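See below for the structure under consideration.
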Number of protein chains: 2
Amino acid sequence: MAIEHADNRVRALRSYLAQQGLSGFIIPHADEYQNEYLPPCAERLAWISGFTGSAGTAVVLQHQAAIFVDGRYVLQVRQQVDLQIFDPLHSSEISVEDWLSRVLKPEDKLGYDPRLHTLKEVKKLHQACSRSKAELIPCQPNPVDVLWTDQPQAPQAFVVPHVAQYAGQSSEDKRHALARKLQDDGIDVAIFTAPDSIAWLLNIRGGDVSHTPLPLSFACLRSDESATLFIESQKVTAELQEHLGSSVLVASVESFQSALEQMGRDQCRVLCDPQRTASSVFDQLQNAGAEVVEGEDPCVLPKACKNPVEIAGSRQAHTRDGAAVCDFLAWLAREAPRGKLTEVTAQDYLDACRQKQALWKDLSFPTISAGGPHGAIVHYRATEVTNCLLVPDMLYLVDSGGQYLDGTTDITRTVAIGNPTAEQRERYTRVLKGHIALATATYPKGTTGTQLDILARQPLWEVGLDYDHGTGHGVGSYLGVHEGPQRIAKTSSSVALAPGMIISNEPGYYKAGEYGIRLENLVLVVSDDTHHASDRSGSNSKH
Amino acid sequence: MAIEHADNRVRALRSYLAQQGLSGFIIPHADEYQNEYLPPCAERLAWISGFTGSAGTAVVLQHQAAIFVDGRYVLQVRQQVDLQIFDPLHSSEISVEDWLSRVLKPEDKLGYDPRLHTLKEVKKLHQACSRSKAELIPCQPNPVDVLWTDQPQAPQAFVVPHVAQYAGQSSEDKRHALARKLQDDGIDVAIFTAPDSIAWLLNIRGGDVSHTPLPLSFACLRSDESATLFIESQKVTAELQEHLGSSVLVASVESFQSALEQMGRDQCRVLCDPQRTASSVFDQLQNAGAEVVEGEDPCVLPKACKNPVEIAGSRQAHTRDGAAVCDFLAWLAREAPRGKLTEVTAQDYLDACRQKQALWKDLSFPTISAGGPHGAIVHYRATEVTNCLLVPDMLYLVDSGGQYLDGTTDITRTVAIGNPTAEQRERYTRVLKGHIALATATYPKGTTGTQLDILARQPLWEVGLDYDHGTGHGVGSYLGVHEGPQRIAKTSSSVALAPGMIISNEPGYYKAGEYGIRLENLVLVVSDDTHHASDRSGSNSKH
């Protein structure tokens with residue numbers, strides 16, 4: 001995955017594409033589960049480009065190639081990819097689709113893997129191609145898989161029950177409630193391809209990707225409350241079988257396609273999420289003759305609104321996680337002024353503090369331990385090559401979290417080692433003011449994260465500053481540290497914040513080449529009926 | 001238009017619809033120009049329902065009828081319509097479409113007038129009908145026109161040039177710039193059906209509707225810079241002909257349809273705005289064989305971003321308008337404590353203060369002069385029936401504006417006659433804090449009104465209060481007092497605020513049955529390059 005290999009790999013890909021009559025191929029950071037977290041076998045973007053960030057897309061054409069990343073990765077991508085080959089582009093300045101409609105020529109044939117793009121993405125790619133009178137061609141097998149001779153095997157981690165003590169609601173209850181909704185909407189079957197939805201629905205957890213207990217699998221729920229879990233048999237234990245019970249059938253991943261075909265033969269009305277499910281699933285359903293209803297995965301909203309047991313679990317996990325972070329910060333305050341610590345030793349110490357806590361299972365993501373200018377790289381990861389000493393008069397940014405059986409945590413602190421400059425104090429204060437304004441906000445029912453976002457940014461905007469990432473993401477319950485559908489961001493969203501949602505609050509300020517500041521806590525949306533309820537419709541919410 | 005007539009009218013409409021084989025008919029507050037301001041002949045919604053607000057939609061079915069209004073009109077609609085006939089609904093709680101898909105039955109036939117709905121609206125109506133397996137049927141003539149025996153004639157006001165001294169840019173320059181854009185986009189002709197776009201493009205003003213100098217007409221601009229204005233010949237003077245010059249052809253309104261048919265025969269690529277142009281125009285173009293490109297009316301954004309002459313004109317108009325309002329407020333301070341003034345005498349005095357000002361042409365809308373509980377009716381209009389005395393210990397809300405040759409104004413003040421209560425002081429302070437927060441906001445390029453909206457509401461949200469209307473609307477230059485595309489509102493918008501935009505800043509607080517508070521000034525978006533431009537992409541803006 002080193003940069004020196006990218007040249008050979010891109011050359012091999014171009015030659016293979018030419019043999020197939022293709023003008024280019026698009027490589028997203030995605031697998032067939034359309035999930036943020038990928039197993040090593042699905043790291044095709046890193047294989048072709050060297051870029052290891054958690055989001056991005058490369059397009060390799062015969063005579064040019066581009067890689068699109070968001071604001072968090074604009075610095076990192078330039079360090080990781082061969083700039084002779086890949087043009088690094090900021091996806092909020094130019095979308096993949098706009099770029100394609102500019103560079104594609106009539107009769108160009110752009111390949112894509114229909115397992116790796118949602119239906120919504122494929123529709124946009126189709127529009128982009130048709131604007132240039134080019135063609136979008138599904139490719140199977142994936143050309144990268146053909147060339148990637150030492151591609152790892154798909155992961156086979158055991159799947160375990162997530163017990164009621166932490167889940168707070170039985171899978172049976174969840175399936176009952178969802179099936180009633182399907183009946184009301186005249187739907188026969190709902191398809192689930194998002195591993196976190198399946199984990200929530202069936203109260204199971206897996207270990208197929210790092211730092212998030214996802215069971216990579218597919219599932220469907222019928223309006224009669226019966227469900228099928230499509231999963232590799234090696235992952236299934238007797239304990240899991242017993243937990244799932246008789247109304248959840250366990251089937252092989254290979255049988256997923258034949259199940260879709262059967263839904264077609266049965267002329268089922270099938271609910272499938274165009275923003276979360278691969279376009280290949282829609283293709284298979286439609287070819288089989290099913291009536292596909294496009295709609296949101298019905299697990300998404302109830303999963304986001306934590307139940308009382310999950311909320312209590314999250315508070316307890318945060319108490320233990322906070323103790324670990326306090327241990328670390330106390331140690332850092334003692335040791336850092338001596339100037340002997342490095343980013344890696346600090347990170348190792350923090351990770352060890354967390355591991356000692358009860359119910360600890362994993363980190364919730366690789367700790368970001370960033371001294372000085374590294375703090376300005378939003379998703380920095382200290383490596384042997386980049387590792388630096390933490391020395392006095394440096395800002396140190398540490399963003400980390402844990403996966404505990406009772407909850408998922410995510411916290412960022414920025415610590416001044418020695419004396420911060422006047423500018424650093426002023427910027428830190430503005431970031432803190434934004435954090436506090438968001439944390440203490442009270443707002444009416446129906447308010448979205450888009451509306452609240454400015455609260456965290458305004459102290460920076462006042463002096464012409466900003467940060468180029470979202471302000472907050474949803475967080476799961478011993479599940480994804482990034483979880484939808486709610487967000488707090490500039491980008492427009494129609495998802496109203498609702499009681500029980502857990503969201504990060506993480507404004508920042510980054511001065512490239514000098515330092516970074518970010519202050520993050522998780523907040524819980526709670527309802528607040530103490531105010532003048534008679535004066536307006538609906539009740540208020542606050543964190 | 002009195003309530004007692006509504007029963008007969010609705011009965012007559014139902015009987016006519018039944019003869020036509022229709023299950024119902026939809027009556028929007030709209031004319032064929034899709035404009036907020038209607039001439040009396042187009043007040044079909046008021047004719048059928050009695051409701052005289054500036055926005056709303058009625059649906060009359062054989063066994064039920066509903067009228068949909070937004071938050072500004074929820075109180076007014078209940079006073080104006082016969083609640084035995086019409087169910088008054090809040091359009092932000094249930095949309096016309098959602099209601100239709102609930103109440104329509106399979107094989108119902110819902111009539112609509114394709115001249116009175118934009119293409120976008122018709123698409124939504126089609127979806128709503130198809131969800132209930134009902135049919136949407138275009139009706140011509142409009143059933144209301146058939147039954148409305150004393151329907152007024154269409155207005156015939158003269159159209160006059162809007163001279164360079166106030167317009168700041170010649171029509172020729174505007175047409176040149178727009179035609180180049182059409183060429184770049186491969187468009188042969190752009191269609192304009194919004195009278196304010198036509199007024200801006202051709203630097204003309206009319207008098208067909210109250211309070212806004214709109215020339216009701218259609219127009220098109222070709223990529224060769226030639227234009228046609230389709231307008232009733234009685235409105236055209238020799239002065240106008242000379243002003244328009246030789247590259248603007250003046251044609252009859254009747255010839256608009258044949259011009260569309262000719263575009264079809266010529267196989268033109270025609271740009272037409274699905275959010276601003278009636279679906280009948282799209283139907284005619286498509287039936288004629290034209291290639292219709294759906295896109296935003298290209299006058300909208302340049303019209304919204306005022307040029308330096310328009311900005312200077314607006315400042316001067318505001319200076320004179322401010323003097324008139326000061327005259328009025330001084331008089332009010334002297335006279336009101338005696339308890340002899342009424343809403344109507346106050347309104348008449350204010351209107352007379354404005355009329356004395358240089359370049360005054362009209363009010364920009366009927367003055368809202370509202371004492372006590374009337375202040376809580378957001379778009380209240382004092383009539384002989386509702387007129388009340390202004391007496392001590394009452395809040396008085398006055399929202400008014402002028403049309404001057406050099407600019408359009410809109411201002412709201414809330415005045416305490418005698419002593420306000422502690423609650424009123426506290427609420428007034430919160431509204432003022434919101435107004436000031438928005439007025440002083442600084443924000444990066446690309447920021448939308450949706451993002452800023454919370455600034456005006458937060459002091460109210462803090463204590464569980466809110467107001468049920470937008471915070472700000474665009475304002476024209478001697479043109480519409482409500483003008484798009486920018487807004488400051490909760491509803492999501494992708495239109496970034498841009499230098500030169502004039503927007504109202506008008507948070508409020510309303511306590512039904514007691515009092516209303518609203519504080520409104522117009523603000524101008526200006527660029528602000530004094531800040532840390534090196535720290536972030538793009539420059540900041542502020543008001």
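Naming scheme: A, B, ... for chains in displayed order of the structure tokens; residues 1 onward per chain; ligands 1 onward as shown.
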| field | Picked from range 201-391 of chain B by DSSP as alpha helix (DSSP H), as a VMD selection string | value | chain B and resid 201 to 202 238 to 244 255 to 265 279 to 288 300 to 304 308 to 335 343 to 355
| task | For Ile67 in chain A, list every protein, DNA or RNA residue within 7 Å, evaluated using only C-alpha atoms, and leave out those in the same chain fewer than 5 positions away; present the list as an MDAnalysis selection string. | result | chainID A and resid 57:59 86:89
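Among A:Val159, A:Ser527, A:Leu229, A:Tyr404, the residue with the shortest atom-to-atom distance to Leu214 in chain A, counting only C-alpha atoms, is A:Val159.
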*asked:* With DSSP run on the backbone, what are the strand (DSSP E or B) residues within range 169-404 of chain A? I'd like them as an NGL selection string.
replied: :A and (189-192 or 204-205 or 209 or 212 or 218-222 or 227-230 or 248-251 or 269-272 or 278 or 291-294 or 305 or 342 or 360-363 or 368-371 or 389 or 394-400 or 402-404)
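Distance annotation: of B:Asp273, B:Asp406, B:Glu32, B:Leu285, the residue with the minimal separation from Arg315 in chain B is B:Asp406; atom set is only C-alpha atoms.
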